[in-house]
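This is data.cif (mmCIF, C-alpha atoms).
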```cif
data_final
#
loop_
_atom_site.group_PDB
_atom_site.id
_atom_site.type_symbol
_atom_site.label_atom_id
_atom_site.label_comp_id
_atom_site.auth_asym_id
_atom_site.auth_seq_id
_atom_site.Cartn_x
_atom_site.Cartn_y
_atom_site.Cartn_z
ATOM 1 C CA MET B 1 -6.597 9.450 -22.596
ATOM 2 C CA LYS B 2 -6.669 11.492 -19.384
ATOM 3 C CA ASP B 3 -3.479 13.086 -18.117
ATOM 4 C CA ILE B 4 -4.244 11.890 -14.596
ATOM 5 C CA ASN B 5 -6.896 9.829 -12.842
ATOM 6 C CA ILE B 6 -7.164 10.864 -9.178
ATOM 7 C CA VAL B 7 -8.895 8.201 -7.089
ATOM 8 C CA ILE B 8 -10.410 8.757 -3.645
ATOM 9 C CA VAL B 9 -11.822 5.785 -1.724
ATOM 10 C CA ASN B 10 -14.739 6.790 0.483
ATOM 11 C CA TYR B 11 -15.881 5.008 3.619
ATOM 12 C CA LYS B 12 -18.471 7.201 5.350
ATOM 13 C CA MET B 13 -16.353 10.336 4.922
ATOM 14 C CA ARG B 14 -18.556 12.318 2.532
ATOM 15 C CA ASP B 15 -17.747 15.756 3.947
ATOM 16 C CA ASP B 16 -13.985 15.159 3.821
ATOM 17 C CA VAL B 17 -14.208 13.742 0.290
ATOM 18 C CA MET B 18 -16.168 16.744 -0.940
ATOM 19 C CA LYS B 19 -13.651 19.132 0.631
ATOM 20 C CA ALA B 20 -10.800 17.245 -1.020
ATOM 21 C CA ILE B 21 -12.570 17.411 -4.390
ATOM 22 C CA ALA B 22 -13.261 21.129 -3.972
ATOM 23 C CA SER B 23 -9.556 21.753 -3.309
ATOM 24 C CA LEU B 24 -8.630 19.741 -6.425
ATOM 25 C CA VAL B 25 -11.153 21.619 -8.585
ATOM 26 C CA ALA B 26 -9.743 24.962 -7.425
ATOM 27 C CA ASP B 27 -6.227 23.707 -8.110
ATOM 28 C CA VAL B 28 -6.745 22.553 -11.725
ATOM 29 C CA SER B 29 -9.443 24.944 -12.928
ATOM 30 C CA ASN B 30 -7.056 27.262 -14.819
ATOM 31 C CA ASP B 31 -4.592 24.638 -16.033
ATOM 32 C CA ASN B 32 -4.548 23.017 -19.449
ATOM 33 C CA ILE B 33 -4.567 19.410 -18.251
ATOM 34 C CA ASN B 34 -7.152 16.655 -18.625
ATOM 35 C CA VAL B 35 -8.134 15.434 -15.168
ATOM 36 C CA GLN B 36 -10.418 12.634 -14.004
ATOM 37 C CA ILE B 37 -11.534 12.615 -10.357
ATOM 38 C CA THR B 38 -12.921 9.217 -9.368
ATOM 39 C CA VAL B 39 -14.658 8.391 -6.093
ATOM 40 C CA VAL B 40 -14.960 4.714 -5.222
ATOM 41 C CA ASP B 41 -17.602 4.323 -2.536
ATOM 42 C CA ASN B 42 -16.943 1.492 -0.071
ATOM 43 C CA SER B 43 -19.870 2.544 2.142
ATOM 44 C CA ASP B 44 -22.745 1.669 -0.236
ATOM 45 C CA ASN B 45 -23.758 5.342 -0.343
ATOM 46 C CA THR B 46 -24.899 5.230 3.286
ATOM 47 C CA ASP B 47 -23.593 8.787 3.688
ATOM 48 C CA GLY B 48 -25.300 10.135 0.555
ATOM 49 C CA ILE B 49 -22.113 10.961 -1.317
ATOM 50 C CA ARG B 50 -23.492 9.910 -4.714
ATOM 51 C CA GLU B 51 -26.289 12.487 -4.501
ATOM 52 C CA GLU B 52 -23.869 15.088 -3.149
ATOM 53 C CA MET B 53 -21.557 14.601 -6.115
ATOM 54 C CA SER B 54 -24.308 14.580 -8.739
ATOM 55 C CA GLY B 55 -25.861 17.709 -7.232
ATOM 56 C CA LYS B 56 -22.685 19.786 -6.967
ATOM 57 C CA LEU B 57 -20.185 18.575 -9.574
ATOM 58 C CA ARG B 58 -20.375 19.142 -13.330
ATOM 59 C CA ASP B 59 -18.039 17.774 -15.989
ATOM 60 C CA THR B 60 -16.130 20.168 -18.237
ATOM 61 C CA ASP B 61 -13.892 19.634 -21.257
ATOM 62 C CA LYS B 62 -10.833 19.269 -19.045
ATOM 63 C CA LEU B 63 -12.260 17.961 -15.769
ATOM 64 C CA SER B 64 -14.612 15.042 -15.222
ATOM 65 C CA PHE B 65 -16.043 13.262 -12.188
ATOM 66 C CA ASN B 66 -16.999 9.659 -11.642
ATOM 67 C CA TYR B 67 -18.802 7.853 -8.830
ATOM 68 C CA LEU B 68 -18.241 4.098 -8.602
ATOM 69 C CA GLU B 69 -19.745 1.583 -6.211
ATOM 70 C CA GLY B 70 -17.223 -0.489 -4.291
ATOM 71 C CA PHE B 71 -20.018 -2.991 -3.587
ATOM 72 C CA GLY B 72 -19.303 -3.139 0.124
ATOM 73 C CA ASN B 73 -16.176 -2.265 2.042
ATOM 74 C CA VAL B 74 -13.666 -4.033 -0.195
ATOM 75 C CA GLY B 75 -10.642 -2.322 1.350
ATOM 76 C CA PHE B 76 -8.402 0.550 0.332
ATOM 77 C CA GLY B 77 -6.183 -1.158 -2.238
ATOM 78 C CA LYS B 78 -8.981 -2.949 -4.047
ATOM 79 C CA GLY B 79 -11.083 0.230 -4.021
ATOM 80 C CA CYS B 80 -8.220 2.152 -5.631
ATOM 81 C CA ASN B 81 -7.760 -0.578 -8.234
ATOM 82 C CA ILE B 82 -11.433 -0.328 -9.184
ATOM 83 C CA GLY B 83 -11.028 3.418 -9.713
ATOM 84 C CA PHE B 84 -7.769 3.119 -11.613
ATOM 85 C CA ALA B 85 -9.105 0.475 -13.996
ATOM 86 C CA HIS B 86 -12.228 2.472 -14.825
ATOM 87 C CA SER B 87 -10.392 5.445 -16.394
ATOM 88 C CA PRO B 88 -7.044 4.840 -18.139
ATOM 89 C CA ALA B 89 -4.606 7.732 -17.779
ATOM 90 C CA ARG B 90 -0.966 8.668 -18.256
ATOM 91 C CA TYR B 91 -0.677 8.942 -14.481
ATOM 92 C CA TYR B 92 -2.675 7.395 -11.645
ATOM 93 C CA CYS B 93 -3.014 9.108 -8.292
ATOM 94 C CA THR B 94 -4.582 8.043 -5.043
ATOM 95 C CA ILE B 95 -5.261 10.456 -2.207
ATOM 96 C CA ASN B 96 -6.969 9.941 1.135
ATOM 97 C CA PRO B 97 -10.286 11.693 1.818
ATOM 98 C CA ASP B 98 -8.608 13.888 4.457
ATOM 99 C CA ILE B 99 -6.203 15.462 1.946
ATOM 100 C CA LEU B 100 -6.375 19.138 0.970
ATOM 101 C CA VAL B 101 -4.500 20.667 -1.963
ATOM 102 C CA THR B 102 -3.252 24.162 -1.231
ATOM 103 C CA GLU B 103 -4.921 26.872 -3.313
ATOM 104 C CA ASP B 104 -3.046 28.633 -6.142
ATOM 105 C CA ASN B 105 -0.098 26.204 -6.153
ATOM 106 C CA HIS B 106 -1.029 24.341 -9.375
ATOM 107 C CA THR B 107 -0.181 21.150 -7.516
ATOM 108 C CA VAL B 108 -1.622 18.635 -9.988
ATOM 109 C CA LEU B 109 -0.025 20.420 -12.943
ATOM 110 C CA ARG B 110 3.338 20.415 -11.154
ATOM 111 C CA ILE B 111 3.015 16.686 -10.410
ATOM 112 C CA ILE B 112 2.405 15.971 -14.084
ATOM 113 C CA LYS B 113 5.244 18.282 -15.144
ATOM 114 C CA PHE B 114 7.697 16.638 -12.716
ATOM 115 C CA LEU B 115 6.881 13.147 -13.995
ATOM 116 C CA ASP B 116 6.967 14.297 -17.634
ATOM 117 C CA GLU B 117 10.453 15.719 -17.049
ATOM 118 C CA ASN B 118 11.686 12.606 -15.208
ATOM 119 C CA PRO B 119 10.532 9.670 -17.349
ATOM 120 C CA LYS B 120 12.619 7.083 -15.477
ATOM 121 C CA ILE B 121 10.848 7.732 -12.149
ATOM 122 C CA GLY B 122 7.962 5.335 -11.565
ATOM 123 C CA MET B 123 6.196 6.894 -8.594
ATOM 124 C CA ILE B 124 6.306 10.057 -6.509
ATOM 125 C CA GLY B 125 4.942 11.164 -3.173
ATOM 126 C CA PRO B 126 4.631 14.841 -2.222
ATOM 127 C CA LYS B 127 5.649 16.420 1.058
ATOM 128 C CA LEU B 128 2.737 16.067 3.488
ATOM 129 C CA LEU B 129 2.007 18.668 6.134
ATOM 130 C CA ASN B 130 -0.009 18.167 9.306
ATOM 131 C CA SER B 131 -2.905 20.464 10.082
ATOM 132 C CA ASP B 132 -0.567 22.658 12.145
ATOM 133 C CA GLY B 133 1.887 23.041 9.248
ATOM 134 C CA THR B 134 4.554 20.672 10.566
ATOM 135 C CA VAL B 135 6.102 18.087 8.253
ATOM 136 C CA GLN B 136 4.464 14.679 8.374
ATOM 137 C CA GLU B 137 6.616 11.560 8.212
ATOM 138 C CA SER B 138 5.621 10.109 4.854
ATOM 139 C CA CYS B 139 8.663 8.271 3.463
ATOM 140 C CA TYR B 140 10.270 5.113 4.766
ATOM 141 C CA ARG B 141 13.054 2.551 4.443
ATOM 142 C CA PHE B 142 12.808 -1.156 3.736
ATOM 143 C CA ASP B 143 14.888 -1.936 6.804
ATOM 144 C CA LEU B 144 14.128 -5.397 8.180
ATOM 145 C CA ALA B 145 14.644 -4.563 11.850
ATOM 146 C CA SER B 146 12.540 -1.403 11.531
ATOM 147 C CA ILE B 147 9.812 -3.196 9.586
ATOM 148 C CA LEU B 148 9.675 -5.841 12.297
ATOM 149 C CA ILE B 149 8.983 -3.277 15.023
ATOM 150 C CA LYS B 150 6.559 -1.210 12.892
ATOM 151 C CA PRO B 151 3.437 -2.510 14.706
ATOM 152 C CA LEU B 152 4.949 -1.349 18.006
ATOM 153 C CA LYS B 153 5.610 2.108 16.583
ATOM 154 C CA HIS B 154 2.071 2.276 15.270
ATOM 155 C CA ILE B 155 0.672 2.000 18.779
ATOM 156 C CA ASN B 156 3.182 4.628 19.952
ATOM 157 C CA LEU B 157 5.539 2.390 21.943
ATOM 158 C CA ASP B 158 8.457 4.249 20.323
ATOM 159 C CA LYS B 159 7.568 7.066 22.727
ATOM 160 C CA LYS B 160 8.120 4.701 25.666
ATOM 161 C CA TYR B 161 11.091 2.520 24.740
ATOM 162 C CA ASN B 162 14.374 3.835 23.321
ATOM 163 C CA TRP B 163 15.247 0.613 21.487
ATOM 164 C CA ILE B 164 11.961 0.845 19.562
ATOM 165 C CA LYS B 165 12.541 4.544 18.900
ATOM 166 C CA ARG B 166 15.969 3.884 17.346
ATOM 167 C CA HIS B 167 14.488 1.525 14.773
ATOM 168 C CA ALA B 168 11.389 3.703 14.283
ATOM 169 C CA ASP B 169 13.582 6.739 13.555
ATOM 170 C CA LYS B 170 15.417 4.752 10.907
ATOM 171 C CA LEU B 171 12.162 3.471 9.427
ATOM 172 C CA VAL B 172 10.649 6.958 8.986
ATOM 173 C CA MET B 173 13.925 8.524 7.828
ATOM 174 C CA ARG B 174 14.312 11.096 10.585
ATOM 175 C CA ASP B 175 17.980 11.336 9.644
ATOM 176 C CA PHE B 176 17.418 13.100 6.329
ATOM 177 C CA ASN B 177 16.437 16.636 5.395
ATOM 178 C CA HIS B 178 12.806 16.588 4.270
ATOM 179 C CA ASP B 179 13.488 19.715 2.207
ATOM 180 C CA GLU B 180 15.280 17.562 -0.336
ATOM 181 C CA THR B 181 13.886 15.606 -3.292
ATOM 182 C CA ARG B 182 15.352 12.117 -3.379
ATOM 183 C CA PRO B 183 14.644 8.446 -4.046
ATOM 184 C CA VAL B 184 13.097 6.603 -1.102
ATOM 185 C CA ASP B 185 12.164 2.989 -0.604
ATOM 186 C CA TRP B 186 8.542 3.610 0.246
ATOM 187 C CA ILE B 187 6.042 6.487 0.402
ATOM 188 C CA MET B 188 2.833 6.755 2.393
ATOM 189 C CA GLY B 189 -0.349 5.728 0.576
ATOM 190 C CA SER B 190 -2.107 8.946 1.582
ATOM 191 C CA ALA B 191 -0.830 10.526 -1.652
ATOM 192 C CA MET B 192 0.857 8.477 -4.382
ATOM 193 C CA VAL B 193 1.236 9.177 -8.100
ATOM 194 C CA VAL B 194 2.431 6.469 -10.492
ATOM 195 C CA ARG B 195 3.025 6.480 -14.240
ATOM 196 C CA LYS B 196 1.183 4.176 -16.626
ATOM 197 C CA GLU B 197 4.350 2.423 -17.837
ATOM 198 C CA ALA B 198 5.356 1.542 -14.275
ATOM 199 C CA VAL B 199 1.923 0.077 -13.623
ATOM 200 C CA GLU B 200 2.205 -1.998 -16.778
ATOM 201 C CA ALA B 201 5.453 -3.443 -15.397
ATOM 202 C CA ALA B 202 4.534 -3.890 -11.724
ATOM 203 C CA GLY B 203 0.732 -3.851 -11.531
ATOM 204 C CA PHE B 204 -1.534 -1.873 -9.219
ATOM 205 C CA PHE B 205 -2.064 -2.534 -5.498
ATOM 206 C CA ASP B 206 -2.012 -6.112 -4.251
ATOM 207 C CA ASP B 207 -5.632 -6.149 -3.114
ATOM 208 C CA ARG B 208 -5.042 -9.031 -0.702
ATOM 209 C CA TYR B 209 -4.097 -6.263 1.745
ATOM 210 C CA PHE B 210 -7.404 -4.947 3.053
ATOM 211 C CA MET B 211 -5.863 -1.811 4.572
ATOM 212 C CA TYR B 212 -2.318 -0.831 5.653
ATOM 213 C CA LEU B 213 1.017 -1.976 4.157
ATOM 214 C CA GLU B 214 -0.453 -2.030 0.626
ATOM 215 C CA ASP B 215 1.497 1.165 -0.075
ATOM 216 C CA CYS B 216 4.725 -0.404 1.175
ATOM 217 C CA ASP B 217 4.100 -3.509 -0.933
ATOM 218 C CA TRP B 218 3.307 -1.467 -4.069
ATOM 219 C CA CYS B 219 6.538 0.520 -3.782
ATOM 220 C CA HIS B 220 8.432 -2.722 -3.268
ATOM 221 C CA LYS B 221 6.934 -4.103 -6.493
ATOM 222 C CA LEU B 222 7.859 -0.957 -8.420
ATOM 223 C CA TRP B 223 11.481 -1.044 -7.276
ATOM 224 C CA GLU B 224 11.684 -4.740 -8.187
ATOM 225 C CA ALA B 225 10.362 -3.893 -11.661
ATOM 226 C CA GLY B 226 13.047 -1.210 -12.111
ATOM 227 C CA TRP B 227 10.906 1.863 -11.460
ATOM 228 C CA PRO B 228 12.295 4.157 -8.710
ATOM 229 C CA VAL B 229 10.091 5.807 -6.087
ATOM 230 C CA TYR B 230 10.773 9.444 -5.162
ATOM 231 C CA TYR B 231 9.836 11.831 -2.371
ATOM 232 C CA VAL B 232 9.337 15.328 -3.858
ATOM 233 C CA HIS B 233 9.853 18.034 -1.272
ATOM 234 C CA ASP B 234 8.499 21.089 -3.100
ATOM 235 C CA ILE B 235 5.118 19.633 -4.052
ATOM 236 C CA ILE B 236 3.153 20.055 -0.833
ATOM 237 C CA ILE B 237 -0.307 19.004 0.347
ATOM 238 C CA ARG B 238 -2.035 18.885 3.731
ATOM 239 C CA HIS B 239 -3.142 15.669 5.414
ATOM 240 C CA LYS B 240 -5.068 15.261 8.661
ATOM 241 C CA HIS B 241 -3.684 11.695 9.157
ATOM 242 C CA MET B 242 -6.123 10.309 11.720
ATOM 243 C CA ARG B 243 -4.308 6.982 12.398
ATOM 244 C CA GLU B 244 -7.446 5.152 13.467
ATOM 245 C CA SER B 245 -5.576 1.906 14.176
ATOM 246 C CA ALA B 246 -3.430 3.640 16.819
ATOM 247 C CA ARG B 247 -6.192 5.131 18.951
ATOM 248 C CA VAL B 248 -6.199 2.367 21.580
ATOM 249 C CA PRO B 249 -2.892 2.353 23.538
ATOM 250 C CA GLY B 250 -0.990 -0.815 24.414
ATOM 251 C CA VAL B 251 -0.414 -3.937 22.341
ATOM 252 C CA PHE B 252 -2.988 -6.284 23.832
ATOM 253 C CA GLN B 253 -5.671 -3.664 24.436
ATOM 254 C CA ALA B 254 -5.302 -2.460 20.839
ATOM 255 C CA LEU B 255 -5.663 -5.967 19.433
ATOM 256 C CA ILE B 256 -8.693 -6.736 21.613
ATOM 257 C CA LYS B 257 -10.542 -3.433 21.256
ATOM 258 C CA ASN B 258 -9.485 -2.000 17.892
ATOM 259 C CA LYS B 259 -10.434 -3.882 14.721
ATOM 260 C CA LEU B 260 -8.183 -1.707 12.561
ATOM 261 C CA ALA B 261 -5.193 -2.519 14.772
ATOM 262 C CA ARG B 262 -5.879 -6.216 14.166
ATOM 263 C CA ILE B 263 -6.115 -5.592 10.404
ATOM 264 C CA HIS B 264 -2.850 -3.658 10.541
ATOM 265 C CA LEU B 265 -1.111 -6.542 12.313
ATOM 266 C CA LYS B 266 -2.519 -9.111 9.877
ATOM 267 C CA ASN B 267 -1.281 -7.128 6.883
ATOM 268 C CA TRP B 268 2.089 -6.654 8.550
ATOM 269 C CA PHE B 269 2.453 -10.440 8.852
ATOM 270 C CA GLN B 270 1.400 -10.812 5.229
ATOM 271 C CA TYR B 271 3.947 -8.246 4.031
ATOM 272 C CA VAL B 272 6.836 -9.664 6.081
ATOM 273 C CA TRP B 273 6.110 -13.176 4.797
ATOM 274 C CA LYS B 274 5.722 -12.084 1.170
ATOM 275 C CA TRP B 275 9.079 -10.235 1.116
ATOM 276 C CA ARG B 276 10.862 -12.372 3.724
ATOM 277 C CA THR B 277 13.937 -12.924 1.551
ATOM 278 C CA ASN B 278 14.126 -9.392 0.171
ATOM 279 C CA HIS B 279 14.632 -6.396 2.462
ATOM 280 C CA LYS B 280 17.361 -4.400 0.732
ATOM 281 C CA TYR B 281 17.732 -0.629 0.538
ATOM 282 C CA TYR B 282 16.669 0.199 -2.989
ATOM 283 C CA ALA B 283 17.113 3.951 -2.578
ATOM 284 C CA ALA B 284 20.528 3.808 -0.886
#
```
What is this file in structure tokens?
Amino acid sequence: MKDINIVIVNYKMRDDVMKAIASLVADVSNDNINVQITVVDNSDNTDGIREEMSGKLRDTDKLSFNYLEGFGNVGFGKGCNIGFAHSPARYYCTINPDILVTEDNHTVLRIIKFLDENPKIGMIGPKLLNSDGTVQESCYRFDLASILIKPLKHINLDKKYNWIKRHADKLVMRDFNHDETRPVDWIMGSAMVVRKEAVEAAGFFDDRYFMYLEDCDWCHKLWEAGWPVYYVHDIIIRHKHMRESARVPGVFQALIKNKLARIHLKNWFQYVWKWRTNHKYYAA
């Protein structure tokens, strides 16, 4: 069995995916761990990523690569589930295509070591840095009021209205030192690592979420199954974080003009309804 299966879902982002893979290869090349890197292609190879991978990537004893068809754009959660199920591992990781692992930090090895040393932790998320080196908000609270205004934050109305900002600040945990490892309710899906035993208890992503809120839902399921979620401050990766669903400003304009904003809102409704009687602070 692999030590870790790292899944990247591709949707017409071949160049970013290949850069992410290159950073992972450089990271694990001198470490004695058994790593699977799996690309699930939701774009039907319209960007030529299958040929790119087969032409440039070669399996070794400790590192293997896999290309899987998503058979259409099946969504982020379902794409990850396809990749997870294909290669059983002690740990399952999903990263976005726009993630870069910093060279010479042995990041994957340190992730595995942290989880090996903390067997009661179900999932971890690393510290994410923006392209300019600033800390990215990547951990959240299950606070009902904050969850309810999340769609307004996502289209940047927290920059306009103080009452939205108060709840948004609570949601994204601006009141805690991000140089501290601690349990959190929910980590961003851009980089998540979960142990096999936790998956056996809680399952993988709920693939009814096409995109957005599936990470929040997954963490909720893990906490309910008794597996804590942690933010780990000294394992660090870079993330461009494009926020496509927030590119059109204003509520009504975003919903009319931006398909991803509509998907985000739909999944938000789905999440709020699913957990409508359960919005406690697990990590308090």
| From the set B:Ala89, B:Thr181, B:Asp16, B:Leu57, which residue has the shortest atom-to-atom contact distance to Ile33 (chain B), counting only C-alpha atoms? |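 Comparing B:Ala89, B:Thr181, B:Asp16, B:Leu57 against Ile33 (chain B), the winner is B:Ala89.
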| message | Could you tell me, as a PyMOL selection string, exactly which residues end up selected when the PyMOL selection byres ((chain B and resi 80) around 12) is applied to this structure? | response | chain B and resi 5-10+37-42+68-70+73-79+81-87+92-96+189-192+204-207+209-211+214-215
| task | For each of B:Lys19, B:Arg58, B:Gly72, B:Asn66, take the minimum atom-to-atom distance to Asp44 (chain B), counting only C-alpha atoms, then give the residue where this is smallest. | result | B:Gly72
| note | One residue among B:Cys139, B:Ala202, B:Met53, B:Val194 is nearest to Val172 (chain B) when using all atoms listed in the file, and that residue is B:Cys139
| request: Excluding Cys216 (chain B) and any residue of its chain fewer than 6 positions from it, enumerate the residues within 10 Å of it, using all atoms listed in the file, and give them as a PyMOL selection string. | output: chain B and resi 139-142+185-189+205+271
Close residues, Ile124 (chain B) itself excluded, 8 Å, only C-alpha atoms, min 2 positions apart in chain, as a PDB file with C-alpha atoms, keeping the file's coordinate frame:
```
ATOM      1  CA  ILE B 121      10.848   7.732 -12.149  1.00  0.00           C
ATOM      2  CA  GLY B 122       7.962   5.335 -11.565  1.00  0.00           C
ATOM      3  CA  PRO B 126       4.631  14.841  -2.222  1.00  0.00           C
ATOM      4  CA  ILE B 187       6.042   6.487   0.402  1.00  0.00           C
ATOM      5  CA  MET B 192       0.857   8.477  -4.382  1.00  0.00           C
ATOM      6  CA  VAL B 193       1.236   9.177  -8.100  1.00  0.00           C
ATOM      7  CA  VAL B 194       2.431   6.469 -10.492  1.00  0.00           C
ATOM      8  CA  VAL B 229      10.091   5.807  -6.087  1.00  0.00           C
ATOM      9  CA  TYR B 230      10.773   9.444  -5.162  1.00  0.00           C
ATOM     10  CA  TYR B 231       9.836  11.831  -2.371  1.00  0.00           C
ATOM     11  CA  VAL B 232       9.337  15.328  -3.858  1.00  0.00           C
TER      12      VAL B 232
END
```
| field | Point-to-point distance in Å for CA of Lys196 (chain B) and CA of Asp59 (chain B) | value |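 We find that CA of Asp59 (chain B) and CA of Lys196 (chain B) lie 23.6 Å from each other.
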| request: Return the single residue from B:Val35, B:Val17, B:Ala26, B:Ala283 that is closest to Pro228 (chain B), with distances computed using all atoms listed in the file. | output: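 Nearest candidate to Pro228 (chain B) out of B:Val35, B:Val17, B:Ala26, B:Ala283: B:Ala283.
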